[in-house]
$ cat input_28.txt   # compact mmCIF, C-alpha atoms
# COMPACT_ATOMS: atom_id res chain seq x y z
CA MET A 147 0.00 0.00 0.00
CA ASN A 148 1.38 3.40 -0.92
CA LYS A 149 0.82 5.25 2.39
CA SER A 150 2.00 8.61 1.03
CA PHE A 151 -0.48 8.46 -1.83
CA LEU A 152 -3.30 7.48 0.54
CA LYS A 153 -2.49 10.40 2.87
CA ILE A 154 -2.57 12.84 -0.06
CA LEU A 155 -5.80 11.35 -1.35
CA THR A 156 -7.45 11.47 2.08
CA PHE A 157 -6.36 15.10 2.64
CA SER A 158 -7.74 16.07 -0.79
CA LEU A 159 -11.02 14.35 -0.05
CA LEU A 160 -11.39 16.06 3.32
CA SER A 161 -10.71 19.43 1.69
CA PHE A 162 -13.29 18.60 -0.97
CA ILE A 163 -15.97 17.80 1.63
CA MET A 164 -15.27 20.97 3.65
CA LEU A 165 -15.49 23.15 0.54
CA MET A 166 -18.71 21.48 -0.53
CA GLY A 167 -20.26 22.14 2.88
CA CYS A 168 -19.30 25.80 2.78
CA ALA A 169 -20.78 26.17 -0.71
CA ALA A 170 -24.12 24.78 0.42
CA LEU A 171 -24.27 27.13 3.42
CA GLU A 172 -23.23 30.31 1.66
CA ASP A 173 -25.04 29.68 -1.63
CA LYS A 174 -22.14 31.31 -3.47
CA PRO A 175 -19.77 30.08 -6.19
CA VAL A 176 -16.58 28.57 -4.80
CA PRO A 177 -13.25 27.89 -6.46
CA ASP A 178 -13.00 24.38 -7.93
CA PRO A 179 -11.83 22.04 -5.12
CA LYS A 180 -9.55 20.22 -7.53
CA PRO A 181 -8.91 17.50 -8.40
CA PHE A 182 -12.30 16.07 -7.52
CA VAL A 183 -14.71 18.69 -8.90
CA THR A 184 -13.98 20.08 -12.32
CA GLU A 185 -17.21 22.03 -12.87
CA LYS A 186 -18.62 22.94 -9.45
CA ASN A 187 -21.05 25.82 -9.53
CA THR A 188 -23.54 27.62 -7.30
CA PRO A 189 -25.89 25.00 -5.76
CA LEU A 190 -29.48 25.35 -6.94
CA ASP A 191 -32.00 26.71 -4.42
CA MET A 192 -35.75 27.02 -5.06
CA ASN A 193 -35.87 29.97 -2.65
CA ASN A 194 -33.32 31.90 -4.72
CA LEU A 195 -34.01 31.77 -8.45
CA ASP A 196 -30.77 33.63 -9.17
CA THR A 197 -28.96 30.36 -8.39
CA PHE A 198 -30.51 28.92 -11.58
CA ILE A 199 -28.72 31.40 -13.83
CA GLY A 200 -26.35 29.46 -16.05
CA ASN A 201 -25.58 26.92 -18.73
CA TYR A 202 -27.16 23.43 -18.70
CA LYS A 203 -26.90 20.16 -20.58
CA PRO A 204 -29.62 17.51 -21.00
CA SER A 205 -29.41 14.52 -18.66
CA VAL A 206 -32.60 12.73 -19.81
CA ILE A 207 -33.51 12.78 -23.52
CA VAL A 208 -36.30 10.79 -25.16
CA THR A 209 -36.83 10.51 -28.92
CA ASP A 210 -40.55 10.57 -29.71
CA PRO A 211 -41.51 8.77 -31.84
CA LEU A 212 -38.69 6.23 -31.75
CA LYS A 213 -36.35 6.19 -34.70
CA SER A 214 -36.65 3.41 -37.27
CA GLU A 215 -32.88 3.33 -37.86
CA ILE A 216 -30.27 2.03 -35.42
CA ASP A 217 -28.99 5.16 -33.77
CA ILE A 218 -28.56 7.07 -30.54
CA ASP A 219 -28.37 10.84 -30.29
CA TYR A 220 -26.67 13.16 -27.88
CA LEU A 221 -27.74 16.82 -27.98
CA ASN A 222 -24.45 18.64 -27.61
CA GLY A 223 -24.62 22.36 -26.98
CA ILE A 224 -26.12 24.60 -24.34
CA ILE A 225 -29.43 25.41 -22.69
CA ASN A 226 -29.47 28.72 -20.81
CA ILE A 227 -31.77 29.32 -17.83
CA PHE A 228 -32.55 32.82 -16.58
CA PRO A 229 -35.07 34.07 -13.98
CA ASN A 230 -37.84 36.43 -15.04
CA LYS A 231 -38.00 38.85 -12.10
CA THR A 232 -41.32 40.29 -13.23
CA ASN A 233 -43.32 37.12 -12.63
CA ASN A 234 -40.78 35.18 -10.54
CA THR A 235 -40.43 32.33 -13.05
CA LEU A 236 -37.64 30.65 -14.99
CA GLU A 237 -37.07 31.04 -18.74
CA TYR A 238 -34.72 29.31 -21.20
CA ASN A 239 -33.19 29.45 -24.64
CA TYR A 240 -30.88 27.03 -26.40
CA ALA A 241 -28.50 26.09 -29.19
CA VAL A 242 -27.98 22.33 -29.60
CA TYR A 243 -26.35 20.05 -32.13
CA ASN A 244 -27.52 16.43 -32.35
CA GLN A 245 -24.75 13.87 -32.73
CA GLY A 246 -25.48 10.27 -33.75
CA TYR A 247 -23.51 7.31 -35.07
CA LYS A 248 -23.92 8.04 -38.75
CA ASP A 249 -23.93 11.81 -38.97
CA ASN A 250 -23.97 14.87 -36.76
CA GLY A 251 -27.36 16.18 -37.82
CA SER A 252 -27.77 19.92 -37.55
CA LEU A 253 -27.58 22.90 -35.23
CA THR A 254 -30.93 24.05 -33.80
CA VAL A 255 -31.15 27.51 -32.24
CA GLN A 256 -33.89 29.21 -30.20
CA PRO A 257 -32.59 32.61 -29.05
CA THR A 258 -35.87 33.86 -27.53
CA LEU A 259 -36.29 33.27 -23.81
CA THR A 260 -39.28 30.94 -23.28
CA PRO A 261 -41.10 29.97 -20.03
CA LEU A 262 -39.57 26.83 -18.55
CA GLY A 263 -42.45 25.85 -16.27
CA ASN A 264 -42.13 24.17 -12.89
CA VAL A 265 -38.95 22.34 -11.93
CA THR A 266 -37.78 20.23 -9.01
CA ILE A 267 -34.20 19.86 -7.76
CA ASP A 268 -32.86 16.33 -7.61
CA GLU A 269 -31.26 16.06 -4.17
CA THR A 270 -30.29 12.39 -4.29
CA THR A 271 -26.86 13.30 -2.93
CA GLU A 272 -26.18 16.14 -0.52
CA ASN A 273 -23.11 17.18 -2.49
CA ASP A 274 -24.90 17.63 -5.79
CA ARG A 275 -27.58 20.30 -6.29
CA SER A 276 -27.04 20.72 -10.02
CA HIS A 277 -29.76 18.50 -11.53
CA ILE A 278 -33.35 19.53 -12.17
CA THR A 279 -36.40 17.64 -13.41
CA LEU A 280 -38.85 19.52 -15.64
CA THR A 281 -42.62 19.25 -15.22
CA ASN A 282 -43.02 20.12 -18.91
CA PRO A 283 -40.24 18.70 -21.11
CA ILE A 284 -38.30 20.95 -23.47
CA ILE A 285 -39.25 19.83 -26.98
CA ILE A 286 -36.68 20.25 -29.75
CA ASN A 287 -37.39 19.40 -33.38
CA THR A 288 -34.26 18.95 -35.45
CA ASN A 289 -33.09 16.94 -38.46
CA GLY A 290 -36.50 15.26 -38.77
CA ASN A 291 -36.58 14.06 -35.16
CA THR A 292 -38.39 15.23 -32.04
CA TYR A 293 -36.50 15.18 -28.74
CA LYS A 294 -38.06 15.61 -25.31
CA ILE A 295 -35.70 16.76 -22.55
CA SER A 296 -37.12 16.06 -19.10
CA ALA A 297 -34.04 16.69 -16.93
CA LEU A 298 -31.05 19.06 -17.02
CA ARG A 299 -27.67 19.32 -15.36
CA LYS A 300 -26.12 22.72 -14.60
CA ILE A 301 -22.54 22.92 -15.86
CA ALA A 302 -21.71 26.62 -15.49
CA ASP A 303 -22.86 29.71 -13.59
CA THR A 304 -22.53 31.82 -16.73
CA MET A 305 -24.89 31.93 -19.70
CA THR A 306 -23.75 31.57 -23.31
CA ASN A 307 -24.95 34.15 -25.80
CA VAL A 308 -27.44 32.57 -28.23
CA THR A 309 -28.47 34.41 -31.39
CA ASP A 310 -29.77 33.50 -34.84
CA SER A 311 -26.16 33.61 -36.05
CA THR A 312 -24.79 31.26 -33.35
CA THR A 313 -22.52 28.57 -34.86
CA GLU A 314 -21.80 24.97 -33.90
CA GLU A 315 -18.25 25.87 -32.86
CA GLU A 316 -19.57 28.36 -30.30
CA VAL A 317 -21.76 25.91 -28.40
CA THR A 318 -20.29 22.41 -28.70
CA LYS A 319 -17.56 21.17 -26.42
CA SER A 320 -15.25 18.18 -26.76
CA TYR A 321 -14.34 16.24 -23.63
CA THR A 322 -11.20 14.17 -23.23
CA VAL A 323 -9.92 11.46 -20.93
CA CYS A 324 -6.38 11.31 -19.56
CA ASP A 325 -3.46 10.32 -21.79
CA PRO A 326 -1.94 6.90 -20.91
CA LEU A 327 1.33 7.82 -22.64
CA ILE A 328 2.04 10.73 -20.26
CA GLY A 329 4.08 9.54 -17.28
CA GLY A 330 4.52 10.93 -13.78
CA ASN A 331 2.14 12.68 -11.43
CA GLU A 332 2.76 16.32 -12.37
CA ASP A 333 0.91 16.62 -15.68
CA PRO A 334 -2.88 16.94 -15.11
CA ASN A 335 -3.44 14.93 -18.31
CA SER A 336 -1.50 11.94 -16.97
CA CYS A 337 -3.59 8.90 -16.01
CA THR A 338 -1.24 8.12 -13.12
CA ASN A 339 -2.35 11.02 -10.93
CA VAL A 340 -5.67 11.58 -9.19
CA ASP A 341 -6.71 14.55 -11.33
CA GLY A 342 -6.05 12.71 -14.58
CA ALA A 343 -7.67 9.47 -13.50
CA MET A 344 -10.85 11.36 -12.55
CA LYS A 345 -11.30 12.20 -16.24
CA TYR A 346 -12.65 8.68 -16.76
CA ILE A 347 -15.83 9.68 -14.89
CA GLY A 348 -18.76 10.48 -17.13
CA TYR A 349 -20.87 9.42 -20.09
CA TYR A 350 -19.76 7.29 -23.06
CA ARG A 351 -21.25 6.06 -26.33
CA ILE A 352 -20.44 2.45 -27.26
CA GLU A 353 -18.77 2.51 -30.67
CA SER A 354 -18.09 -1.21 -31.16
CA ILE A 355 -18.53 -4.52 -29.33
CA THR A 356 -16.26 -7.52 -29.81
CA CYS A 357 -18.05 -10.71 -28.79
CA ASN A 358 -16.18 -14.04 -29.04
CA SER A 359 -13.52 -12.25 -31.13
CA GLN A 360 -16.08 -11.02 -33.69
CA PRO A 361 -16.46 -7.20 -33.97
CA TYR A 362 -19.88 -5.52 -34.25
CA TYR A 363 -20.50 -1.82 -34.85
CA GLY A 364 -22.73 0.88 -33.38
CA GLY A 365 -25.24 2.20 -35.88
CA THR A 366 -25.24 -1.13 -37.75
CA ASP A 367 -25.59 -3.95 -35.23
CA PHE A 368 -26.60 -2.07 -32.09
CA ALA A 369 -26.94 1.23 -30.26
CA GLY A 370 -25.51 1.63 -26.77
CA GLU A 371 -24.17 3.89 -24.05
CA MET A 372 -22.53 3.72 -20.63
CA VAL A 373 -22.21 5.88 -17.49
CA VAL A 374 -19.43 5.73 -14.87
CA ASN A 375 -20.50 7.35 -11.60
CA PRO A 376 -18.08 6.89 -8.63
CA SER A 377 -18.59 8.08 -5.06
CA LEU A 378 -16.75 7.81 -1.76
CA ALA A 379 -17.74 5.43 1.01
CA SER A 380 -18.39 6.89 4.46
CA ASN A 381 -14.77 6.26 5.48
CA ILE A 382 -13.66 8.58 2.60
CA VAL A 383 -11.08 5.99 1.56
CA ASP A 384 -13.07 3.24 -0.17
CA VAL A 385 -14.42 4.11 -3.61
CA ILE A 386 -17.80 2.92 -4.92
CA ILE A 387 -17.94 2.71 -8.73
CA PRO A 388 -21.34 2.01 -10.34
CA ILE A 389 -21.22 1.34 -14.08
CA THR A 390 -24.46 1.30 -16.09
CA VAL A 391 -24.45 -0.24 -19.57
CA LYS A 392 -27.35 -0.25 -22.04
CA VAL A 393 -27.30 -1.90 -25.47
CA GLN A 394 -30.20 -2.45 -27.88
CA VAL A 395 -29.26 -5.02 -30.53
CA GLU A 396 -30.56 -5.08 -34.11
CA ASN A 397 -32.96 -8.01 -34.36
CA ASN A 398 -31.20 -9.79 -37.25
CA SER A 399 -27.62 -9.22 -36.13
CA PRO A 400 -25.56 -12.26 -34.99
CA LEU A 401 -24.63 -10.11 -31.99
CA LYS A 402 -28.09 -10.86 -30.58
CA GLN A 403 -27.26 -14.50 -29.78
CA CYS A 404 -23.70 -13.74 -28.74
CA LEU A 405 -24.40 -10.85 -26.34
CA LEU A 406 -27.90 -11.55 -25.00
CA THR A 407 -29.37 -14.38 -22.96
CA THR A 408 -32.61 -15.98 -24.09
CA ASP A 409 -34.56 -13.77 -21.69
CA GLU A 410 -32.80 -10.63 -22.95
CA GLN A 411 -33.42 -11.58 -26.58
CA ALA A 412 -37.15 -11.11 -26.05
CA SER A 413 -36.57 -7.34 -25.89
CA ASN A 414 -33.23 -7.22 -27.79
CA MET A 415 -31.95 -5.24 -24.80
CA TYR A 416 -29.03 -5.50 -22.39
CA TYR A 417 -29.38 -3.15 -19.42
CA LYS A 418 -27.42 -3.56 -16.21
CA THR A 419 -25.74 -1.63 -13.40
CA ASN A 420 -22.82 -3.21 -11.56
CA SER A 421 -21.49 -1.50 -8.45
CA TYR A 422 -17.92 -2.10 -7.29
CA LYS A 423 -16.35 -1.28 -3.92
CA LEU A 424 -12.60 -0.75 -3.95
CA THR A 425 -10.49 -0.32 -0.83
CA GLY A 426 -7.22 1.57 -0.60
CA ASP A 427 -5.33 -1.64 -1.35
CA ASP A 428 -7.17 -1.93 -4.66
CA TYR A 429 -5.63 1.31 -5.91
CA SER A 430 -2.36 1.40 -4.02
CA GLY A 431 -0.60 1.97 -7.34
CA GLY A 432 -2.63 5.12 -7.97
CA LEU A 433 -6.30 5.88 -8.41
CA ASN A 434 -6.09 4.96 -12.09
CA SER A 435 -5.66 1.33 -11.03
CA ALA A 436 -9.16 1.47 -9.51
CA PHE A 437 -10.64 2.19 -12.94
CA GLU A 438 -8.45 -0.46 -14.55
CA LYS A 439 -9.66 -3.01 -12.01
CA VAL A 440 -13.30 -2.48 -13.02
CA GLY A 441 -12.36 -2.81 -16.69
CA LEU A 442 -11.86 0.77 -17.91
CA ILE A 443 -8.65 0.59 -19.94
CA GLY A 444 -6.84 3.58 -21.44
CA LEU A 445 -5.59 3.25 -25.01
CA LYS A 446 -1.94 3.54 -26.02
CA ASP A 447 -2.67 4.30 -29.66
CA ASN A 448 -0.14 6.43 -31.57
CA ASP A 449 -2.94 8.87 -32.45
CA VAL A 450 -3.35 11.31 -29.54
CA THR A 451 -6.95 12.07 -30.54
CA ILE A 452 -7.91 8.39 -30.32
CA ARG A 453 -6.24 7.74 -26.99
CA THR A 454 -7.70 10.87 -25.34
CA THR A 455 -11.27 10.48 -26.64
CA GLN A 456 -11.74 6.70 -26.49
CA ILE A 457 -11.16 3.86 -24.04
CA ASP A 458 -11.72 0.11 -23.96
CA TYR A 459 -14.15 -1.47 -21.52
CA ASN A 460 -13.65 -5.07 -20.44
CA PRO A 461 -16.78 -5.79 -18.34
CA LYS A 462 -16.03 -7.28 -14.91
CA ASP A 463 -18.22 -9.00 -12.35
CA THR A 464 -18.20 -7.86 -8.72
CA ASN A 465 -15.26 -10.19 -8.04
CA TYR A 466 -13.31 -8.37 -10.81
CA SER A 467 -13.28 -11.42 -13.08
CA ASP A 468 -14.22 -11.10 -16.76
CA MET A 469 -18.00 -10.96 -17.09
CA THR A 470 -19.63 -13.37 -19.53
CA PHE A 471 -22.59 -12.75 -21.82
CA GLY A 472 -25.32 -14.70 -23.61
CA ASP A 473 -26.38 -18.26 -22.86
CA SER A 474 -22.95 -19.64 -23.76
CA GLY A 475 -20.85 -17.45 -21.45
CA ASN A 476 -19.20 -15.36 -24.15
CA LYS A 477 -16.35 -12.89 -23.53
CA VAL A 478 -16.96 -9.27 -24.56
CA THR A 479 -14.95 -6.07 -24.92
CA MET A 480 -16.31 -2.66 -25.91
CA ARG A 481 -14.76 0.42 -27.49
CA LEU A 482 -16.18 3.59 -25.93
CA LYS A 483 -16.21 7.19 -27.11
CA PHE A 484 -16.10 9.81 -24.34
CA ILE A 485 -19.03 12.23 -24.66
CA GLN A 486 -19.38 14.22 -21.42
CA ASN A 487 -17.48 14.41 -18.13
CA SER A 488 -18.62 14.39 -14.53
CA SER A 489 -16.92 14.32 -11.11
CA LEU A 490 -16.61 12.19 -8.01
CA ASN A 491 -19.62 12.18 -5.64
CA LEU A 492 -22.02 13.71 -8.14
CA LEU A 493 -25.16 12.32 -9.74
CA PRO A 494 -24.77 10.61 -13.16
CA VAL A 495 -24.12 13.17 -15.86
CA VAL A 496 -26.67 11.39 -18.07
CA GLN A 497 -29.44 9.18 -16.70
CA ILE A 498 -29.76 6.02 -18.80
CA LYS A 499 -33.30 4.66 -18.86
CA ASN A 500 -34.25 1.07 -19.73
CA THR A 501 -36.12 2.09 -22.89
CA ASN A 502 -35.63 1.44 -26.60
CA TYR A 503 -33.51 3.57 -28.91
CA PHE A 504 -35.16 2.40 -32.12
CA THR A 505 -38.15 0.39 -33.29
CA LYS A 506 -36.42 -2.60 -34.90

$ encode --input "input_28.txt" --output "structure tokens"
Amino acid sequence: MNKSFLKILTFSLLSFIMLMGCAALEDKPVPDPKPFVTEKNTPLDMNNLDTFIGNYKPSVIVTDPLKSEIDIDYLNGIINIFPNKTNNTLEYNYAVYNQGYKDNGSLTVQPTLTPLGNVTIDETTENDRSHITLTNPIIINTNGNTYKISALRKIADTMTNVTDSTTEEEVTKSYTVCDPLIGGNEDPNSCTNVDGAMKYIGYYRIESITCNSQPYYGGTDFAGEMVVNPSLASNIVDVIIPITVKVQVENNSPLKQCLLTTDEQASNMYYKTNSYKLTGDDYSGGLNSAFEKVGLIGLKDNDVTIRTTQIDYNPKDTNYSDMTFGDSGNKVTMRLKFIQNSSLNLLPVVQIKNTNYFTK
């Protein structure tokens, strides 16, 4: 066990908790308590609508009606919320760009502030008052599809200017994981330090699945996504890492028999959350080893873009052995594309529901 690392980690965690407590009491923005919170903003408070001012991203999106093609969309961009002091209500505008497997769709802009309706704050964890549920979903029509957004996550205290001339480059943001080829603990992009390893936390799209050595591809054989959502145990040393995976398989793809059990084949759907508890001994070589133990593997590709935007996932059971799939106990690996980041001890950046992506 690396005692020096554990002392540094424990001190950082204690500092993080103290700063979070102060933020909740004072209701004011606080400096990022790095390395554990990368985008901490003013906690939301229903008694102070000014706390809602800022930039949000969707955390629950439903396509209605379902698509007929095999696809999954993420609405990249921004949704601004601003209080109307005249009638004491919240209003919003947006600029979003839908991104699927096969093409990126189009930019959709609504510059005019529009009534948001009633909202509730999701207070599942005391450290995270950044998620809201909407009584009336935001409905966005773009590229021939209708999206209903029923929950949002605040990502910044500042609003982004939205006009009819807003461009994709102004509103979309690319997120990256740490770089496995950077050594040492000094560079924040290194996977060997706490700050870098934390970049694995967030939301991913599943690009390909290799089942029994046969590759299958998102947008052709399946659609799928994954969320990694760690938190600290009460002793602030052990780390709890829930991983939620959802895959809908195309009905005629051979992946159906390889990936899914007979029961799962009835709905063509794999949906599961596994939660792992790691003690200090499990990541004595650095916090990155905790993610490696649950199957999140950084790439050492020569292309820096590939290795900082994608990772491999080797699903593990709760004993950290390779998980098996289908009725025959098949081995599976997945290639993931990083879509949006989150932080330790926060709610999932995107909430994955056990519902279909497409009608096939």

$ closest_residue --input "input_28.txt" --among "A:Glu371, A:Asp473, A:Ile328, A:Gly290" --to "Asp409 in chain A" --atoms "all atoms listed in the file"
A:Asp473

$ closest_residue --input "input_28.txt" --among "A:Asp463, A:Glu316, A:Glu269, A:Asp310" --to "Asp191 in chain A" --atoms "only C-alpha atoms"
A:Glu269

$ residues_around --input "input_28.txt" --residues "Lys248 in chain A" --least-positions-apart "3" --cutoff "12 Å" --atoms "all atoms listed in the file" --output "JSON, numbers by chain"
{"A": [215, 216, 217, 218, 219, 244, 245, 251, 353, 363, 364, 365, 366, 369]}

$ atom_distance --input "input_28.txt" --atom1 "CA of Ser276 in chain A" --atom2 "CA of Thr188 in chain A"
8.2 Å

$ closest_residue --input "input_28.txt" --among "A:Leu190, A:Val385, A:Ala412, A:Val374" --to "Asp303 in chain A" --atoms "all atoms listed in the file"
A:Leu190

$ atom_distance --input "input_28.txt" --atom1 "CA of Asn250 in chain A" --atom2 "CA of Asn287 in chain A"
14.6 Å

$ atom_distance --input "input_28.txt" --atom1 "CA of Asn194 in chain A" --atom2 "CA of Leu493 in chain A"
21.8 Å

$ closest_residue --input "input_28.txt" --among "A:Leu406, A:Ala436, A:Ile389, A:Ile199" --to "Asn420 in chain A" --atoms "only C-alpha atoms"
A:Ile389

$ residues_around --input "input_28.txt" --residues "Phe484 in chain A" --least-positions-apart "4" --cutoff "12 Å" --atoms "all atoms listed in the file" --output "PyMOL selection string"
chain A and resi 220+319-324+345-353+371-374+442+444+451-459+488

$ axis_aligned_box --input "input_28.txt" --around "range 237-247 of chain A" --padding-each-side "5 Å" --output "AutoDock Vina command-line options"
--center_x -30.3 --center_y 19.2 --center_z -26.9 --size_x 23.6 --size_y 33.7 --size_z 26.3

$ residues_near_point --input "input_28.txt" --point "(-15.5, -6.8, -30.2)" --cutoff "12 Å" --atoms "all atoms listed in the file" --output "MDAnalysis selection string"
chainID A and resid 352:364 367 401 404:405 458:461 476:482

$ decode --input "input_28.txt" --residues "range 317-401 of chain A" --atoms "C-alpha atoms" --output "PDB file, in the first residue's frame"
ATOM      1  CA  VAL A 317     -21.763  25.907 -28.403  1.00  0.00           C
ATOM      2  CA  THR A 318     -20.289  22.410 -28.700  1.00  0.00           C
ATOM      3  CA  LYS A 319     -17.557  21.166 -26.421  1.00  0.00           C
ATOM      4  CA  SER A 320     -15.246  18.181 -26.764  1.00  0.00           C
ATOM      5  CA  TYR A 321     -14.344  16.237 -23.626  1.00  0.00           C
ATOM      6  CA  THR A 322     -11.195  14.175 -23.233  1.00  0.00           C
ATOM      7  CA  VAL A 323      -9.920  11.459 -20.925  1.00  0.00           C
ATOM      8  CA  CYS A 324      -6.384  11.307 -19.561  1.00  0.00           C
ATOM      9  CA  ASP A 325      -3.461  10.322 -21.786  1.00  0.00           C
ATOM     10  CA  PRO A 326      -1.938   6.901 -20.908  1.00  0.00           C
ATOM     11  CA  LEU A 327       1.327   7.818 -22.641  1.00  0.00           C
ATOM     12  CA  ILE A 328       2.041  10.727 -20.265  1.00  0.00           C
ATOM     13  CA  GLY A 329       4.077   9.536 -17.284  1.00  0.00           C
ATOM     14  CA  GLY A 330       4.522  10.925 -13.782  1.00  0.00           C
ATOM     15  CA  ASN A 331       2.138  12.682 -11.426  1.00  0.00           C
ATOM     16  CA  GLU A 332       2.759  16.315 -12.367  1.00  0.00           C
ATOM     17  CA  ASP A 333       0.914  16.619 -15.675  1.00  0.00           C
ATOM     18  CA  PRO A 334      -2.875  16.944 -15.105  1.00  0.00           C
ATOM     19  CA  ASN A 335      -3.435  14.932 -18.308  1.00  0.00           C
ATOM     20  CA  SER A 336      -1.503  11.944 -16.965  1.00  0.00           C
ATOM     21  CA  CYS A 337      -3.588   8.897 -16.009  1.00  0.00           C
ATOM     22  CA  THR A 338      -1.238   8.116 -13.124  1.00  0.00           C
ATOM     23  CA  ASN A 339      -2.353  11.015 -10.929  1.00  0.00           C
ATOM     24  CA  VAL A 340      -5.672  11.584  -9.193  1.00  0.00           C
ATOM     25  CA  ASP A 341      -6.707  14.552 -11.331  1.00  0.00           C
ATOM     26  CA  GLY A 342      -6.053  12.712 -14.585  1.00  0.00           C
ATOM     27  CA  ALA A 343      -7.672   9.468 -13.503  1.00  0.00           C
ATOM     28  CA  MET A 344     -10.848  11.358 -12.553  1.00  0.00           C
ATOM     29  CA  LYS A 345     -11.301  12.200 -16.235  1.00  0.00           C
ATOM     30  CA  TYR A 346     -12.648   8.677 -16.764  1.00  0.00           C
ATOM     31  CA  ILE A 347     -15.834   9.677 -14.891  1.00  0.00           C
ATOM     32  CA  GLY A 348     -18.763  10.483 -17.131  1.00  0.00           C
ATOM     33  CA  TYR A 349     -20.874   9.417 -20.086  1.00  0.00           C
ATOM     34  CA  TYR A 350     -19.758   7.286 -23.059  1.00  0.00           C
ATOM     35  CA  ARG A 351     -21.248   6.057 -26.328  1.00  0.00           C
ATOM     36  CA  ILE A 352     -20.445   2.454 -27.260  1.00  0.00           C
ATOM     37  CA  GLU A 353     -18.772   2.509 -30.674  1.00  0.00           C
ATOM     38  CA  SER A 354     -18.092  -1.213 -31.158  1.00  0.00           C
ATOM     39  CA  ILE A 355     -18.529  -4.520 -29.335  1.00  0.00           C
ATOM     40  CA  THR A 356     -16.257  -7.524 -29.812  1.00  0.00           C
ATOM     41  CA  CYS A 357     -18.049 -10.712 -28.787  1.00  0.00           C
ATOM     42  CA  ASN A 358     -16.180 -14.040 -29.045  1.00  0.00           C
ATOM     43  CA  SER A 359     -13.516 -12.250 -31.127  1.00  0.00           C
ATOM     44  CA  GLN A 360     -16.077 -11.016 -33.686  1.00  0.00           C
ATOM     45  CA  PRO A 361     -16.464  -7.203 -33.971  1.00  0.00           C
ATOM     46  CA  TYR A 362     -19.884  -5.519 -34.248  1.00  0.00           C
ATOM     47  CA  TYR A 363     -20.504  -1.819 -34.847  1.00  0.00           C
ATOM     48  CA  GLY A 364     -22.725   0.879 -33.376  1.00  0.00           C
ATOM     49  CA  GLY A 365     -25.245   2.203 -35.877  1.00  0.00           C
ATOM     50  CA  THR A 366     -25.239  -1.131 -37.748  1.00  0.00           C
ATOM     51  CA  ASP A 367     -25.589  -3.948 -35.227  1.00  0.00           C
ATOM     52  CA  PHE A 368     -26.602  -2.066 -32.094  1.00  0.00           C
ATOM     53  CA  ALA A 369     -26.942   1.230 -30.258  1.00  0.00           C
ATOM     54  CA  GLY A 370     -25.509   1.633 -26.774  1.00  0.00           C
ATOM     55  CA  GLU A 371     -24.171   3.892 -24.049  1.00  0.00           C
ATOM     56  CA  MET A 372     -22.526   3.719 -20.626  1.00  0.00           C
ATOM     57  CA  VAL A 373     -22.208   5.882 -17.490  1.00  0.00           C
ATOM     58  CA  VAL A 374     -19.431   5.727 -14.871  1.00  0.00           C
ATOM     59  CA  ASN A 375     -20.501   7.351 -11.604  1.00  0.00           C
ATOM     60  CA  PRO A 376     -18.078   6.887  -8.628  1.00  0.00           C
ATOM     61  CA  SER A 377     -18.585   8.083  -5.063  1.00  0.00           C
ATOM     62  CA  LEU A 378     -16.747   7.813  -1.758  1.00  0.00           C
ATOM     63  CA  ALA A 379     -17.741   5.430   1.006  1.00  0.00           C
ATOM     64  CA  SER A 380     -18.392   6.885   4.457  1.00  0.00           C
ATOM     65  CA  ASN A 381     -14.774   6.257   5.482  1.00  0.00           C
ATOM     66  CA  ILE A 382     -13.664   8.577   2.600  1.00  0.00           C
ATOM     67  CA  VAL A 383     -11.075   5.985   1.556  1.00  0.00           C
ATOM     68  CA  ASP A 384     -13.067   3.240  -0.171  1.00  0.00           C
ATOM     69  CA  VAL A 385     -14.421   4.107  -3.614  1.00  0.00           C
ATOM     70  CA  ILE A 386     -17.804   2.919  -4.916  1.00  0.00           C
ATOM     71  CA  ILE A 387     -17.935   2.706  -8.729  1.00  0.00           C
ATOM     72  CA  PRO A 388     -21.335   2.009 -10.338  1.00  0.00           C
ATOM     73  CA  ILE A 389     -21.215   1.337 -14.081  1.00  0.00           C
ATOM     74  CA  THR A 390     -24.456   1.298 -16.088  1.00  0.00           C
ATOM     75  CA  VAL A 391     -24.451  -0.240 -19.574  1.00  0.00           C
ATOM     76  CA  LYS A 392     -27.347  -0.245 -22.042  1.00  0.00           C
ATOM     77  CA  VAL A 393     -27.301  -1.899 -25.474  1.00  0.00           C
ATOM     78  CA  GLN A 394     -30.200  -2.450 -27.878  1.00  0.00           C
ATOM     79  CA  VAL A 395     -29.258  -5.024 -30.535  1.00  0.00           C
ATOM     80  CA  GLU A 396     -30.560  -5.076 -34.111  1.00  0.00           C
ATOM     81  CA  ASN A 397     -32.961  -8.008 -34.362  1.00  0.00           C
ATOM     82  CA  ASN A 398     -31.204  -9.790 -37.252  1.00  0.00           C
ATOM     83  CA  SER A 399     -27.618  -9.222 -36.126  1.00  0.00           C
ATOM     84  CA  PRO A 400     -25.563 -12.262 -34.992  1.00  0.00           C
ATOM     85  CA  LEU A 401     -24.632 -10.109 -31.985  1.00  0.00           C
TER      86      LEU A 401
END
